[in-house]
>>> print(open('structure-v2.pdb').read())   # PDB, C-alpha atoms
ATOM      1  CA  MET A 234      15.272 -22.556  67.690
ATOM      2  CA  ASP A 235      14.858 -21.032  64.221
ATOM      3  CA  PHE A 236      15.862 -24.407  62.809
ATOM      4  CA  LEU A 237      13.814 -26.442  65.274
ATOM      5  CA  LEU A 238      10.492 -24.608  64.815
ATOM      6  CA  PRO A 239       9.758 -25.726  61.220
ATOM      7  CA  LEU A 240      10.936 -29.262  61.980
ATOM      8  CA  ILE A 241       8.745 -29.526  65.073
ATOM      9  CA  LEU A 242       5.728 -27.996  63.314
ATOM     10  CA  GLY A 243       6.074 -30.280  60.304
ATOM     11  CA  PHE A 244       6.604 -33.374  62.455
ATOM     12  CA  THR A 245       3.670 -32.636  64.787
ATOM     13  CA  ILE A 246       1.176 -31.718  62.062
ATOM     14  CA  ALA A 247       2.078 -34.756  59.950
ATOM     15  CA  ALA A 248       1.875 -37.112  62.935
ATOM     16  CA  ILE A 249      -1.550 -35.802  63.952
ATOM     17  CA  GLY A 250      -2.842 -36.014  60.378
ATOM     18  CA  ILE A 251      -1.648 -39.581  59.761
ATOM     19  CA  LEU A 252      -2.239 -41.110  63.194
ATOM     20  CA  PRO A 253      -5.891 -42.178  62.619
ATOM     21  CA  PRO A 254      -6.162 -45.578  60.878
ATOM     22  CA  GLY A 255      -6.249 -45.052  57.128
ATOM     23  CA  LEU A 256      -5.414 -46.798  53.866
ATOM     24  CA  ILE A 257      -1.670 -46.106  53.881
ATOM     25  CA  ASN A 258      -0.767 -46.768  57.511
ATOM     26  CA  MET A 259      -3.049 -49.814  57.736
ATOM     27  CA  THR A 260      -1.554 -51.175  54.502
ATOM     28  CA  ALA A 261       1.907 -50.696  56.005
ATOM     29  CA  ALA A 262       0.773 -52.726  59.018
ATOM     30  CA  LYS A 263      -0.678 -55.417  56.745
ATOM     31  CA  VAL A 264       2.536 -55.660  54.730
ATOM     32  CA  SER A 265       4.449 -56.034  57.982
ATOM     33  CA  VAL A 266       2.237 -58.915  59.104
ATOM     34  CA  VAL A 267       2.190 -60.690  55.737
ATOM     35  CA  ASP A 268       5.618 -60.001  54.257
ATOM     36  CA  GLY A 269       7.791 -58.898  57.146
ATOM     37  CA  ARG A 270       9.211 -55.670  58.525
ATOM     38  CA  ASN A 271      11.727 -54.982  55.733
ATOM     39  CA  GLU A 272       9.061 -55.077  53.030
ATOM     40  CA  ALA A 273       6.813 -52.848  55.141
ATOM     41  CA  ILE A 274       9.631 -50.335  55.634
ATOM     42  CA  SER A 275      10.180 -50.296  51.863
ATOM     43  CA  PHE A 276       6.469 -49.563  51.441
ATOM     44  CA  ALA A 277       6.627 -46.769  54.046
ATOM     45  CA  ILE A 278       9.648 -45.177  52.350
ATOM     46  CA  GLY A 279       7.798 -45.153  49.024
ATOM     47  CA  ALA A 280       4.758 -43.538  50.623
ATOM     48  CA  THR A 281       6.965 -40.964  52.335
ATOM     49  CA  VAL A 282       8.677 -40.005  49.076
ATOM     50  CA  THR A 283       5.269 -39.066  47.649
ATOM     51  CA  VAL A 284       4.431 -37.147  50.832
ATOM     52  CA  PHE A 285       7.597 -35.086  50.303
ATOM     53  CA  PHE A 286       6.532 -33.947  46.835
ATOM     54  CA  GLN A 287       2.910 -33.363  47.882
ATOM     55  CA  THR A 288       3.972 -31.158  50.789
ATOM     56  CA  TYR A 289       6.456 -29.172  48.707
ATOM     57  CA  ILE A 290       3.852 -28.549  45.980
ATOM     58  CA  ALA A 291       1.315 -27.473  48.634
ATOM     59  CA  ILE A 292       3.743 -24.918  50.070
ATOM     60  CA  GLN A 293       4.385 -23.430  46.634
ATOM     61  CA  PHE A 294       0.639 -22.962  46.194
ATOM     62  CA  ALA A 295       0.453 -21.440  49.668
ATOM     63  CA  LYS A 296       3.275 -19.013  48.839
ATOM     64  CA  PHE A 297       1.158 -17.545  46.021
ATOM     65  CA  ILE A 298      -2.000 -17.476  48.106
ATOM     66  CA  ASN A 299      -0.180 -15.757  50.955
ATOM     67  CA  SER A 300       0.286 -12.625  48.824
ATOM     68  CA  ARG A 301      -3.486 -12.211  48.419
ATOM     69  CA  GLN A 302      -5.228 -11.065  51.611
ATOM     70  CA  ASP A 303      -8.681 -11.618  50.085
ATOM     71  CA  ILE A 304      -7.812 -15.225  49.331
ATOM     72  CA  ILE A 305      -6.397 -15.707  52.839
ATOM     73  CA  THR A 306      -9.637 -14.492  54.441
ATOM     74  CA  LEU A 307     -11.693 -16.743  52.159
ATOM     75  CA  LEU A 308      -9.403 -19.663  52.956
ATOM     76  CA  GLN A 309      -9.830 -19.034  56.684
ATOM     77  CA  GLU A 310     -13.598 -19.133  56.298
ATOM     78  CA  ILE A 311     -13.469 -22.328  54.227
ATOM     79  CA  GLY A 312     -10.988 -23.878  56.655
ATOM     80  CA  LEU A 313     -13.227 -23.095  59.624
ATOM     81  CA  LEU A 314     -16.199 -24.781  57.944
ATOM     82  CA  LEU A 315     -13.995 -27.712  56.921
ATOM     83  CA  PHE A 316     -12.665 -28.346  60.422
ATOM     84  CA  LEU A 317     -16.126 -27.947  61.969
ATOM     85  CA  SER A 318     -17.452 -30.503  59.473
ATOM     86  CA  ILE A 319     -14.583 -32.898  60.184
ATOM     87  CA  THR A 320     -15.065 -32.510  63.947
ATOM     88  CA  THR A 321     -18.808 -33.185  63.682
ATOM     89  CA  PHE A 322     -18.247 -36.209  61.452
ATOM     90  CA  LEU A 323     -15.554 -37.698  63.696
ATOM     91  CA  PHE A 324     -17.633 -37.443  66.868
ATOM     92  CA  TRP A 325     -20.718 -38.756  65.082
ATOM     93  CA  SER A 326     -18.890 -41.736  63.584
ATOM     94  CA  ALA A 327     -17.114 -42.439  66.881
ATOM     95  CA  ARG A 328     -20.479 -43.218  68.506
ATOM     96  CA  LYS A 329     -20.476 -46.565  66.719
ATOM     97  CA  PRO A 330     -16.814 -47.528  66.406
ATOM     98  CA  LYS A 331     -15.984 -50.342  64.065
ATOM     99  CA  LYS A 332     -12.806 -52.313  63.887
ATOM    100  CA  VAL A 333     -10.959 -51.586  60.679
ATOM    101  CA  LYS A 334     -10.995 -54.651  58.482
ATOM    102  CA  GLN A 335      -7.944 -55.504  56.502
ATOM    103  CA  GLU A 336      -9.043 -56.707  53.105
ATOM    104  CA  ILE A 337      -6.111 -55.322  51.127
ATOM    105  CA  LYS A 338      -4.789 -57.993  48.824
ATOM    106  CA  MET A 339      -1.054 -58.521  48.561
ATOM    107  CA  HIS A 340       0.572 -59.731  45.378
ATOM    108  CA  SER A 341       4.232 -59.519  44.356
ATOM    109  CA  LYS A 342       6.761 -58.592  47.030
ATOM    110  CA  SER A 343       9.084 -56.879  44.556
ATOM    111  CA  ASN A 344       7.235 -53.581  44.265
ATOM    112  CA  ARG A 345       6.428 -52.570  47.833
ATOM    113  CA  PHE A 346       8.292 -49.270  47.408
ATOM    114  CA  PHE A 347       6.303 -48.343  44.297
ATOM    115  CA  LEU A 348       3.063 -49.572  45.857
ATOM    116  CA  GLY A 349       3.690 -47.139  48.702
ATOM    117  CA  MET A 350       4.302 -44.303  46.244
ATOM    118  CA  LEU A 351       1.153 -45.172  44.271
ATOM    119  CA  LEU A 352      -1.223 -45.419  47.237
ATOM    120  CA  SER A 353       0.161 -42.204  48.683
ATOM    121  CA  ALA A 354      -0.227 -40.440  45.315
ATOM    122  CA  LEU A 355      -3.876 -41.510  45.132
ATOM    123  CA  ASN A 356      -4.479 -39.642  48.381
ATOM    124  CA  LEU A 357      -4.816 -36.007  47.227
ATOM    125  CA  PHE A 358      -5.907 -34.621  50.611
ATOM    126  CA  PRO A 359      -2.368 -33.653  51.795
ATOM    127  CA  ILE A 360      -2.022 -30.912  49.161
ATOM    128  CA  PRO A 361      -5.026 -28.739  50.196
ATOM    129  CA  PHE A 362      -4.371 -29.683  53.838
ATOM    130  CA  TYR A 363      -0.816 -28.336  53.849
ATOM    131  CA  VAL A 364      -1.832 -25.296  51.810
ATOM    132  CA  PHE A 365      -4.310 -24.388  54.528
ATOM    133  CA  VAL A 366      -1.909 -25.263  57.360
ATOM    134  CA  SER A 367       1.013 -23.223  56.023
ATOM    135  CA  VAL A 368      -1.129 -20.168  55.242
ATOM    136  CA  THR A 369      -2.808 -20.346  58.652
ATOM    137  CA  LEU A 370       0.508 -20.719  60.477
ATOM    138  CA  SER A 371       1.843 -17.787  58.477
ATOM    139  CA  THR A 372      -0.939 -15.525  59.775
ATOM    140  CA  TYR A 373       0.213 -16.359  63.316
ATOM    141  CA  GLY A 374       3.843 -15.640  62.478
ATOM    142  CA  LEU A 375       4.783 -19.317  62.824
ATOM    143  CA  PHE A 376       5.530 -20.032  59.155
ATOM    144  CA  TYR A 377       7.885 -18.131  56.847
ATOM    145  CA  PHE A 378       7.943 -18.484  53.083
ATOM    146  CA  ASN A 379      11.678 -18.732  52.545
ATOM    147  CA  SER A 380      13.630 -21.665  51.146
ATOM    148  CA  LEU A 381      15.289 -22.780  54.394
ATOM    149  CA  PHE A 382      12.089 -22.714  56.455
ATOM    150  CA  GLU A 383      10.146 -24.489  53.702
ATOM    151  CA  TYR A 384      12.656 -27.314  53.330
ATOM    152  CA  LEU A 385      12.925 -27.781  57.092
ATOM    153  CA  PHE A 386       9.112 -27.888  57.397
ATOM    154  CA  VAL A 387       8.871 -30.437  54.582
ATOM    155  CA  SER A 388      11.617 -32.472  56.257
ATOM    156  CA  GLY A 389       9.625 -32.420  59.498
ATOM    157  CA  VAL A 390       6.531 -33.633  57.643
ATOM    158  CA  VAL A 391       8.529 -36.454  56.037
ATOM    159  CA  ILE A 392      10.041 -37.531  59.367
ATOM    160  CA  GLY A 393       6.664 -37.349  61.127
ATOM    161  CA  SER A 394       4.930 -39.328  58.377
ATOM    162  CA  PHE A 395       7.551 -42.079  58.328
ATOM    163  CA  THR A 396       7.565 -42.262  62.140
ATOM    164  CA  VAL A 397       3.810 -42.933  62.250
ATOM    165  CA  PHE A 398       4.075 -45.492  59.435
ATOM    166  CA  TYR A 399       6.895 -47.220  61.297
ATOM    167  CA  LEU A 400       4.937 -47.292  64.564
ATOM    168  CA  TYR A 401       2.083 -49.026  62.759
ATOM    169  CA  ILE A 402       4.581 -51.493  61.266
ATOM    170  CA  LEU A 403       6.263 -52.122  64.596
ATOM    171  CA  TYR A 404       3.323 -52.426  66.972
ATOM    172  CA  PHE A 405       0.277 -53.522  65.017
ATOM    173  CA  LYS A 406       0.944 -57.243  65.217
ATOM    174  CA  ASN A 407       2.547 -57.513  68.663
ATOM    175  CA  HIS A 408       0.386 -54.929  70.436
ATOM    176  CA  GLN A 409      -3.077 -55.732  69.151
ATOM    177  CA  SER A 410      -4.817 -54.297  72.222
ATOM    178  CA  LYS A 411      -3.152 -50.915  71.707
ATOM    179  CA  SER A 412      -4.075 -50.992  68.035
ATOM    180  CA  ASP A 413      -7.687 -51.770  68.935
ATOM    181  CA  TYR A 414      -7.730 -48.836  71.374
ATOM    182  CA  LEU A 415      -6.444 -46.478  68.677
ATOM    183  CA  ILE A 416      -8.968 -47.744  66.146
ATOM    184  CA  LYS A 417     -11.884 -47.441  68.594
ATOM    185  CA  ASN A 418     -10.918 -44.066  70.054
ATOM    186  CA  GLY A 419      -8.994 -42.440  67.212
ATOM    187  CA  ASN A 420     -12.021 -40.452  66.054
ATOM    188  CA  TYR A 421     -12.521 -38.986  69.534
ATOM    189  CA  ILE A 422      -8.857 -38.045  69.803
ATOM    190  CA  ILE A 423      -8.600 -36.398  66.396
ATOM    191  CA  GLY A 424     -12.080 -34.885  66.721
ATOM    192  CA  SER A 425     -10.985 -33.124  69.909
ATOM    193  CA  ILE A 426      -7.910 -31.754  68.137
ATOM    194  CA  THR A 427      -9.863 -30.509  65.108
ATOM    195  CA  GLY A 428     -12.444 -29.005  67.464
ATOM    196  CA  LEU A 429      -9.724 -27.036  69.205
ATOM    197  CA  ILE A 430      -8.334 -25.910  65.848
ATOM    198  CA  SER A 431     -11.838 -24.813  64.805
ATOM    199  CA  LEU A 432     -12.166 -22.726  67.959
ATOM    200  CA  VAL A 433      -8.825 -21.010  67.378
ATOM    201  CA  ALA A 434      -9.663 -20.413  63.700
ATOM    202  CA  PHE A 435     -13.040 -18.939  64.673
ATOM    203  CA  PHE A 436     -11.534 -16.338  67.009
ATOM    204  CA  LYS A 437      -8.805 -15.571  64.467
ATOM    205  CA  LEU A 438     -11.432 -14.977  61.768
ATOM    206  CA  LEU A 439     -13.471 -12.737  64.089
ATOM    207  CA  ASN A 440     -10.352 -10.710  64.813
ATOM    208  CA  THR A 441      -9.662 -10.348  61.088
ATOM    209  CA  LEU A 442     -13.212  -9.243  60.285
ATOM    210  CA  TRP A 443     -13.291  -6.665  63.112
ATOM    211  CA  ILE A 444     -10.036  -5.008  62.052
TER     212      ILE A 444
END
>>> encode(input="structure-v2.pdb", output="structure tokens")
Amino acid sequence: MDFLLPLILGFTIAAIGILPPGLINMTAAKVSVVDGRNEAISFAIGATVTVFFQTYIAIQFAKFINSRQDIITLLQEIGLLLFLSITTFLFWSARKPKKVKQEIKMHSKSNRFFLGMLLSALNLFPIPFYVFVSVTLSTYGLFYFNSLFEYLFVSGVVIGSFTVFYLYILYFKNHQSKSDYLIKNGNYIIGSITGLISLVAFFKLLNTLWI
């Protein structure tokens, strides 16, 4: 179980974070439709390689932050406001759902792997996201800053990220109705999850302040 916990946490958190339609997973789906599954898988592998480095860097930042209780408390407060803002935005934007339009232009087929790395690198959100996640999990005793746990967590994130990319590649073209459902209702689904996280973070922060 000591080996499974970081893998499961990394996989679940990555899957939840990447599931809503976004630039990378929708581009993977587009590559699959235009160029075929093999090219799309090459793109997804490139994107996942960047995710690996982003997650590892985030954990190293979190390791430093974890030694400063004042920074942890501040991060909890910022995280609570961040998740409340995300929840509010998701539910507000979900009131008028719009189908995601695919206007991403495809050029040469020879650099799908590097295109995946580049688009993933342009997305800087994973670094602060995994800093906050790892520090928060650490306060609950669910994350340990040692080499084995860190590498297993990063591996879980990589597996979870690639799995979601692959599901987009596999089902987007042949299961259009399911894709439409995800696009229309994704904000409600993720908004509910972030709302629950906000509630947990709120009670955790109250407990910290009262001690």
>>> atom_distance(input="structure-v2.pdb", atom1="atom CA of Thr245 of chain A", atom2="atom CA of Val397 of chain A")
10.6 Å
>>> residues_around(input="structure-v2.pdb", residues="Gly393 of chain A", least_positions_apart="3", cutoff="6 Å", atoms="all atoms listed in the file", output="list in words")
Phe244, Ala247, Ala248, Gly389, Val390 and Thr396 of chain A
>>> resolve_selection(input="structure-v2.pdb", expression="the PyMOL selection byres ((chain A and resi 284) around 9)", output="list of chain:residue names")
A:Gly279, A:Ala280, A:Thr281, A:Val282, A:Thr283, A:Phe285, A:Phe286, A:Gln287, A:Thr288, A:Tyr289, A:Met350, A:Ser353, A:Ala354, A:Pro359, A:Val387, A:Val390, A:Val391, A:Ser394
>>> resolve_selection(input="structure-v2.pdb", expression="the PyMOL selection byres ((chain A and resi 260-269) around 9)", output="ChimeraX atom specification")
/A:255-259,270-274,276-277,335,337,339,342,345,349,398-406
>>> residues_around(input="structure-v2.pdb", residues="Phe294 of chain A", least_positions_apart="6", cutoff="10 Å", atoms="only C-alpha atoms", output="list in words")
Thr288, Ile360, Pro361, Tyr363, Val364, Phe365, Ser367 and Val368 of chain A
>>> atom_distance(input="structure-v2.pdb", atom1="atom CA of Ile392 of chain A", atom2="atom CA of Ser275 of chain A")
14.8 Å
>>> decode(input="structure-v2.pdb", residues="segment 381-395 of chain A", atoms="all heavy atoms", output="PDB file, in the first residue's frame")
ATOM      1  N   LEU A 381      11.634   8.035  -2.942  1.00  0.00           N
ATOM      2  CA  LEU A 381      10.777   6.975  -3.469  1.00  0.00           C
ATOM      3  C   LEU A 381       9.346   7.459  -3.653  1.00  0.00           C
ATOM      4  O   LEU A 381       8.737   7.249  -4.708  1.00  0.00           O
ATOM      5  CB  LEU A 381      10.804   5.762  -2.524  1.00  0.00           C
ATOM      6  CG  LEU A 381       9.912   4.578  -2.938  1.00  0.00           C
ATOM      7  CD1 LEU A 381      10.328   4.054  -4.310  1.00  0.00           C
ATOM      8  CD2 LEU A 381       9.970   3.478  -1.891  1.00  0.00           C
ATOM      9  N   PHE A 382       8.796   8.116  -2.621  1.00  0.00           N
ATOM     10  CA  PHE A 382       7.423   8.602  -2.702  1.00  0.00           C
ATOM     11  C   PHE A 382       7.288   9.623  -3.828  1.00  0.00           C
ATOM     12  O   PHE A 382       6.309   9.597  -4.588  1.00  0.00           O
ATOM     13  CB  PHE A 382       7.006   9.222  -1.368  1.00  0.00           C
ATOM     14  CG  PHE A 382       5.519   9.438  -1.237  1.00  0.00           C
ATOM     15  CD1 PHE A 382       4.735   8.539  -0.526  1.00  0.00           C
ATOM     16  CD2 PHE A 382       4.896  10.533  -1.819  1.00  0.00           C
ATOM     17  CE1 PHE A 382       3.367   8.724  -0.404  1.00  0.00           C
ATOM     18  CE2 PHE A 382       3.539  10.728  -1.708  1.00  0.00           C
ATOM     19  CZ  PHE A 382       2.767   9.820  -0.993  1.00  0.00           C
ATOM     20  N   GLU A 383       8.259  10.519  -3.942  1.00  0.00           N
ATOM     21  CA  GLU A 383       8.209  11.558  -4.971  1.00  0.00           C
ATOM     22  C   GLU A 383       8.201  10.959  -6.370  1.00  0.00           C
ATOM     23  O   GLU A 383       7.390  11.353  -7.220  1.00  0.00           O
ATOM     24  CB  GLU A 383       9.394  12.512  -4.811  1.00  0.00           C
ATOM     25  CG  GLU A 383       9.336  13.367  -3.553  1.00  0.00           C
ATOM     26  CD  GLU A 383      10.640  14.085  -3.281  1.00  0.00           C
ATOM     27  OE1 GLU A 383      11.547  14.031  -4.139  1.00  0.00           O
ATOM     28  OE2 GLU A 383      10.762  14.693  -2.204  1.00  0.00           O
ATOM     29  N   TYR A 384       9.091  10.005  -6.624  1.00  0.00           N
ATOM     30  CA  TYR A 384       9.163   9.409  -7.953  1.00  0.00           C
ATOM     31  C   TYR A 384       7.908   8.596  -8.275  1.00  0.00           C
ATOM     32  O   TYR A 384       7.437   8.584  -9.422  1.00  0.00           O
ATOM     33  CB  TYR A 384      10.403   8.528  -8.078  1.00  0.00           C
ATOM     34  CG  TYR A 384      11.675   9.318  -8.324  1.00  0.00           C
ATOM     35  CD1 TYR A 384      12.701   9.320  -7.397  1.00  0.00           C
ATOM     36  CD2 TYR A 384      11.824  10.066  -9.495  1.00  0.00           C
ATOM     37  CE1 TYR A 384      13.864  10.062  -7.617  1.00  0.00           C
ATOM     38  CE2 TYR A 384      12.976  10.800  -9.732  1.00  0.00           C
ATOM     39  CZ  TYR A 384      13.994  10.791  -8.780  1.00  0.00           C
ATOM     40  OH  TYR A 384      15.132  11.522  -9.010  1.00  0.00           O
ATOM     41  N   LEU A 385       7.357   7.919  -7.279  1.00  0.00           N
ATOM     42  CA  LEU A 385       6.130   7.162  -7.500  1.00  0.00           C
ATOM     43  C   LEU A 385       4.956   8.104  -7.777  1.00  0.00           C
ATOM     44  O   LEU A 385       4.107   7.828  -8.642  1.00  0.00           O
ATOM     45  CB  LEU A 385       5.822   6.278  -6.292  1.00  0.00           C
ATOM     46  CG  LEU A 385       6.727   5.057  -6.095  1.00  0.00           C
ATOM     47  CD1 LEU A 385       6.429   4.370  -4.770  1.00  0.00           C
ATOM     48  CD2 LEU A 385       6.570   4.077  -7.248  1.00  0.00           C
ATOM     49  N   PHE A 386       4.900   9.235  -7.064  1.00  0.00           N
ATOM     50  CA  PHE A 386       3.840  10.219  -7.291  1.00  0.00           C
ATOM     51  C   PHE A 386       3.951  10.797  -8.699  1.00  0.00           C
ATOM     52  O   PHE A 386       2.952  10.896  -9.424  1.00  0.00           O
ATOM     53  CB  PHE A 386       3.921  11.334  -6.254  1.00  0.00           C
ATOM     54  CG  PHE A 386       2.877  12.397  -6.427  1.00  0.00           C
ATOM     55  CD1 PHE A 386       1.600  12.223  -5.912  1.00  0.00           C
ATOM     56  CD2 PHE A 386       3.165  13.580  -7.094  1.00  0.00           C
ATOM     57  CE1 PHE A 386       0.626  13.206  -6.070  1.00  0.00           C
ATOM     58  CE2 PHE A 386       2.208  14.563  -7.260  1.00  0.00           C
ATOM     59  CZ  PHE A 386       0.930  14.377  -6.747  1.00  0.00           C
ATOM     60  N   VAL A 387       5.177  11.170  -9.083  1.00  0.00           N
ATOM     61  CA  VAL A 387       5.392  11.707 -10.431  1.00  0.00           C
ATOM     62  C   VAL A 387       5.016  10.667 -11.480  1.00  0.00           C
ATOM     63  O   VAL A 387       4.406  10.991 -12.509  1.00  0.00           O
ATOM     64  CB  VAL A 387       6.854  12.157 -10.608  1.00  0.00           C
ATOM     65  CG1 VAL A 387       7.126  12.545 -12.067  1.00  0.00           C
ATOM     66  CG2 VAL A 387       7.169  13.342  -9.701  1.00  0.00           C
ATOM     67  N   SER A 388       5.357   9.416 -11.229  1.00  0.00           N
ATOM     68  CA  SER A 388       4.993   8.340 -12.163  1.00  0.00           C
ATOM     69  C   SER A 388       3.482   8.226 -12.283  1.00  0.00           C
ATOM     70  O   SER A 388       2.944   8.033 -13.389  1.00  0.00           O
ATOM     71  CB  SER A 388       5.578   7.006 -11.682  1.00  0.00           C
ATOM     72  OG  SER A 388       6.988   7.051 -11.653  1.00  0.00           O
ATOM     73  N   GLY A 389       2.773   8.348 -11.159  1.00  0.00           N
ATOM     74  CA  GLY A 389       1.313   8.322 -11.195  1.00  0.00           C
ATOM     75  C   GLY A 389       0.747   9.467 -12.005  1.00  0.00           C
ATOM     76  O   GLY A 389      -0.210   9.284 -12.772  1.00  0.00           O
ATOM     77  N   VAL A 390       1.335  10.657 -11.854  1.00  0.00           N
ATOM     78  CA  VAL A 390       0.896  11.823 -12.628  1.00  0.00           C
ATOM     79  C   VAL A 390       1.112  11.582 -14.123  1.00  0.00           C
ATOM     80  O   VAL A 390       0.238  11.881 -14.953  1.00  0.00           O
ATOM     81  CB  VAL A 390       1.649  13.091 -12.178  1.00  0.00           C
ATOM     82  CG1 VAL A 390       1.394  14.246 -13.142  1.00  0.00           C
ATOM     83  CG2 VAL A 390       1.238  13.488 -10.771  1.00  0.00           C
ATOM     84  N   VAL A 391       2.269  11.034 -14.470  1.00  0.00           N
ATOM     85  CA  VAL A 391       2.583  10.758 -15.876  1.00  0.00           C
ATOM     86  C   VAL A 391       1.598   9.741 -16.462  1.00  0.00           C
ATOM     87  O   VAL A 391       1.058   9.937 -17.557  1.00  0.00           O
ATOM     88  CB  VAL A 391       4.025  10.241 -16.009  1.00  0.00           C
ATOM     89  CG1 VAL A 391       4.279   9.678 -17.403  1.00  0.00           C
ATOM     90  CG2 VAL A 391       5.023  11.363 -15.718  1.00  0.00           C
ATOM     91  N   ILE A 392       1.345   8.671 -15.722  1.00  0.00           N
ATOM     92  CA  ILE A 392       0.414   7.638 -16.198  1.00  0.00           C
ATOM     93  C   ILE A 392      -0.999   8.203 -16.336  1.00  0.00           C
ATOM     94  O   ILE A 392      -1.699   7.956 -17.329  1.00  0.00           O
ATOM     95  CB  ILE A 392       0.415   6.428 -15.244  1.00  0.00           C
ATOM     96  CG1 ILE A 392       1.788   5.753 -15.250  1.00  0.00           C
ATOM     97  CG2 ILE A 392      -0.664   5.422 -15.654  1.00  0.00           C
ATOM     98  CD1 ILE A 392       1.950   4.701 -14.175  1.00  0.00           C
ATOM     99  N   GLY A 393      -1.428   8.982 -15.328  1.00  0.00           N
ATOM    100  CA  GLY A 393      -2.762   9.582 -15.381  1.00  0.00           C
ATOM    101  C   GLY A 393      -2.906  10.558 -16.537  1.00  0.00           C
ATOM    102  O   GLY A 393      -3.941  10.571 -17.221  1.00  0.00           O
ATOM    103  N   SER A 394      -1.879  11.371 -16.765  1.00  0.00           N
ATOM    104  CA  SER A 394      -1.916  12.344 -17.859  1.00  0.00           C
ATOM    105  C   SER A 394      -2.013  11.641 -19.207  1.00  0.00           C
ATOM    106  O   SER A 394      -2.856  11.983 -20.052  1.00  0.00           O
ATOM    107  CB  SER A 394      -0.662  13.228 -17.823  1.00  0.00           C
ATOM    108  OG  SER A 394      -0.575  13.934 -16.602  1.00  0.00           O
ATOM    109  N   PHE A 395      -1.148  10.639 -19.409  1.00  0.00           N
ATOM    110  CA  PHE A 395      -1.150   9.936 -20.698  1.00  0.00           C
ATOM    111  C   PHE A 395      -2.464   9.189 -20.904  1.00  0.00           C
ATOM    112  O   PHE A 395      -2.976   9.124 -22.027  1.00  0.00           O
ATOM    113  CB  PHE A 395       0.022   8.959 -20.781  1.00  0.00           C
ATOM    114  CG  PHE A 395       0.100   8.241 -22.104  1.00  0.00           C
ATOM    115  CD1 PHE A 395       0.653   8.873 -23.205  1.00  0.00           C
ATOM    116  CD2 PHE A 395      -0.413   6.966 -22.244  1.00  0.00           C
ATOM    117  CE1 PHE A 395       0.710   8.231 -24.441  1.00  0.00           C
ATOM    118  CE2 PHE A 395      -0.370   6.317 -23.466  1.00  0.00           C
ATOM    119  CZ  PHE A 395       0.201   6.950 -24.570  1.00  0.00           C
TER     120      PHE A 395
END
